[in-house]
>>> print(open('work38.csv').read())   # CSV, C-alpha atoms and all ligand atoms
chain,number,residue,atom,x,y,z
A,1,MET,CA,133.2,285.8,24.6
A,2,ALA,CA,136.1,287.7,26.3
A,3,SER,CA,136.8,291.1,24.9
A,4,LYS,CA,139.7,291.5,22.6
A,5,VAL,CA,140.6,294.9,24.0
A,6,PRO,CA,143.2,294.8,26.8
A,7,ASP,CA,142.4,296.8,29.9
A,8,THR,CA,145.5,299.0,29.9
A,9,SER,CA,146.2,302.5,31.1
A,10,GLU,CA,147.1,303.4,27.5
A,11,ASN,CA,143.6,302.3,26.2
A,12,MET,CA,142.0,304.1,29.2
A,13,GLU,CA,143.7,307.3,28.3
A,14,ILE,CA,142.4,307.0,24.7
A,15,CYS,CA,138.9,306.1,25.9
A,16,LYS,CA,138.7,309.2,28.2
A,17,LYS,CA,139.0,311.4,25.1
A,18,PHE,CA,136.0,309.8,23.5
A,19,CYS,CA,133.7,308.4,26.2
A,20,GLY,CA,134.5,311.5,28.3
A,21,PRO,CA,132.8,314.1,26.0
A,22,CYS,CA,130.2,311.6,24.7
A,23,PRO,CA,126.7,313.0,25.0
A,24,THR,CA,125.6,309.7,26.6
A,25,PHE,CA,128.3,309.6,29.2
A,26,LYS,CA,128.0,312.6,31.4
A,27,PRO,CA,124.2,313.2,31.4
A,28,ASN,CA,123.8,309.5,32.5
A,29,GLN,CA,126.5,309.9,35.1
A,30,LEU,CA,128.3,306.8,33.8
A,31,ASN,CA,131.4,308.0,35.5
A,32,GLU,CA,129.7,307.2,38.8
A,33,HIS,CA,129.1,303.6,38.0
A,34,PRO,CA,131.7,300.8,37.5
A,35,PRO,CA,133.5,300.2,35.3
A,36,MET,CA,133.5,304.0,34.7
A,37,ALA,CA,134.9,303.7,31.2
A,38,LEU,CA,136.7,301.4,28.7
A,39,PHE,CA,133.4,299.6,28.3
A,40,CYS,CA,134.6,297.8,25.2
A,41,SER,CA,137.1,296.0,27.4
A,42,ARG,CA,135.5,295.9,30.8
A,43,GLY,CA,131.9,295.4,29.7
A,44,GLN,CA,128.7,297.4,30.2
A,45,SER,CA,128.0,299.9,32.9
A,46,ALA,CA,126.6,298.7,36.2
A,47,LYS,CA,123.8,301.3,35.6
A,48,PRO,CA,120.9,299.3,34.1
A,49,ALA,CA,120.6,299.7,30.3
A,50,GLU,CA,117.0,300.8,30.6
A,51,GLU,CA,118.0,303.7,32.8
A,52,ILE,CA,120.6,305.0,30.3
A,53,THR,CA,119.3,307.6,27.8
A,54,ASP,CA,121.0,307.1,24.5
A,55,ASN,CA,122.3,310.4,23.2
A,56,GLY,CA,124.7,308.9,20.7
A,57,CYS,CA,128.1,307.2,20.8
A,58,ASN,CA,131.6,308.6,20.3
A,59,CYS,CA,133.3,305.2,20.0
A,60,PHE,CA,133.5,305.2,16.2
A,61,GLY,CA,136.2,307.9,16.1
A,62,CYS,CA,138.2,306.3,18.9
A,63,GLY,CA,141.7,304.8,18.2
A,64,VAL,CA,140.9,301.7,20.3
A,65,PHE,CA,137.8,301.1,18.2
A,66,GLN,CA,139.9,301.3,15.1
A,67,ASN,CA,142.9,299.4,16.4
A,68,TYR,CA,140.9,296.4,17.4
A,69,LYS,CA,138.4,296.6,14.5
A,70,LEU,CA,135.5,296.8,16.9
A,71,GLY,CA,131.9,297.0,15.8
A,72,GLY,CA,128.6,297.9,17.3
A,73,GLY,CA,129.5,300.8,19.6
A,74,TRP,CA,127.4,301.7,22.7
A,75,PHE,CA,129.5,299.3,24.8
A,76,CYS,CA,128.4,301.1,28.0
A,77,ILE,CA,124.8,299.9,27.2
A,78,TYR,CA,125.3,296.6,25.3
A,79,GLY,CA,128.6,295.3,26.8
A,80,ALA,CA,131.9,294.5,25.1
A,81,GLU,CA,130.3,293.0,22.0
A,82,GLY,CA,128.6,296.3,21.3
A,83,LYS,CA,125.2,297.1,19.8
A,84,LYS,CA,124.0,294.4,17.4
A,85,ALA,CA,123.2,295.6,13.8
A,101,LIG,S1,135.8,302.2,21.7
A,101,LIG,FE1,134.5,303.4,23.1
A,101,LIG,S2,134.5,302.3,25.1
A,101,LIG,FE2,136.2,301.6,23.8
A,101,LIG,S3,138.0,302.8,24.4
A,101,LIG,FE3,137.0,303.8,22.6
A,101,LIG,S4,135.6,305.3,23.4
A,101,LIG,FE4,136.1,303.9,25.1
A,102,LIG,S1,130.6,303.5,25.0
A,102,LIG,FE1,129.9,304.9,23.4
A,102,LIG,S2,127.8,305.5,24.1
A,102,LIG,FE2,128.9,304.7,25.8
A,102,LIG,S3,129.8,306.5,26.8
A,102,LIG,FE3,131.4,305.5,25.5
A,102,LIG,S4,131.2,306.7,23.6
A,102,LIG,FE4,129.3,307.1,24.7
>>> encode(input="work38.csv", output="structure tokens")
Amino acid sequence: MASKVPDTSENMEICKKFCGPCPTFKPNQLNEHPPMALFCSRGQSAKPAEEITDNGCNCFGCGVFQNYKLGGGWFCIYGAEGKKA
């Protein structure tokens, strides 16, 4: 299923404020693997999920998450659908 979140510069700016300081983002160098951020729109990181150490997810406080009524979180690991409950 295609993501409901548009890949826009506005959403990217919001994303940077949440994925950027996320404890899972920098330690796993997700900024060095496409699609870099906005995983809820663009899908999971090219870094294999089994190589990403989960230190928590900041998505739940993000305006994009709230605007599009997303669920799941951890889009960098699980893709645009997020983590299954
Ligand atoms: S919900 Fe997560 S991946 Fe999506 S824009 Fe917000 S911080 Fe980024
Ligand atoms: S999608 Fe969630 S877990 Fe992944 S970097 Fe962004 S805030 Fe962190």
>>> closest_residue(input="work38.csv", among="A:Ala37, A:Val64, A:Cys15, A:Cys57", to="ligand LIG 102 (chain A)", atoms="all atoms listed in the file")
A:Cys57
>>> residues_around(input="work38.csv", residues="stretch 58-62 of chain A", least_positions_apart="4", cutoff="12 Å", atoms="only C-alpha atoms", output="ChimeraX atom specification")
/A:11-25,37-40,54,66-76,80,82-83
>>> closest_residue(input="work38.csv", among="A:Gln29, A:Ile52, A:Pro35, A:Ala85", to="ligand LIG 101 (chain A)", atoms="all atoms listed in the file")
A:Pro35
>>> atom_distance(input="work38.csv", atom1="atom CA of A:Pro48", atom2="atom CA of A:Glu81")
16.6 Å
>>> atom_distance(input="work38.csv", atom1="atom S4 of ligand LIG 101 (chain A)", atom2="atom CA of A:Ser45")
13.3 Å
>>> closest_residue(input="work38.csv", among="A:Pro34, A:Ala49, A:Gly56, A:Asp7", to="ligand LIG 102 (chain A)", atoms="only C-alpha atoms and all ligand atoms")
A:Gly56
>>> closest_residue(input="work38.csv", among="A:Ser41, A:Ser9, A:Asn28, A:Thr53", to="ligand LIG 101 (chain A)", atoms="only C-alpha atoms and all ligand atoms")
A:Ser41
>>> closest_residue(input="work38.csv", among="A:Lys47, A:Arg42, A:Ile77, A:Glu32", to="ligand LIG 102 (chain A)", atoms="all atoms listed in the file")
A:Ile77
>>> atom_distance(input="work38.csv", atom1="atom CA of A:Thr8", atom2="atom CA of A:Glu50")
28.6 Å
>>> closest_residue(input="work38.csv", among="A:Asn55, A:Ala46, A:Phe65, A:Lys26", to="A:Tyr78", atoms="only C-alpha atoms")
A:Ala46
>>> axis_aligned_box(input="work38.csv", around="ligand LIG 102 (chain A)", padding_each_side="4 Å", output="AutoDock Vina command-line options")
--center_x 129.6 --center_y 305.3 --center_z 25.1 --size_x 11.6 --size_y 11.6 --size_z 11.4
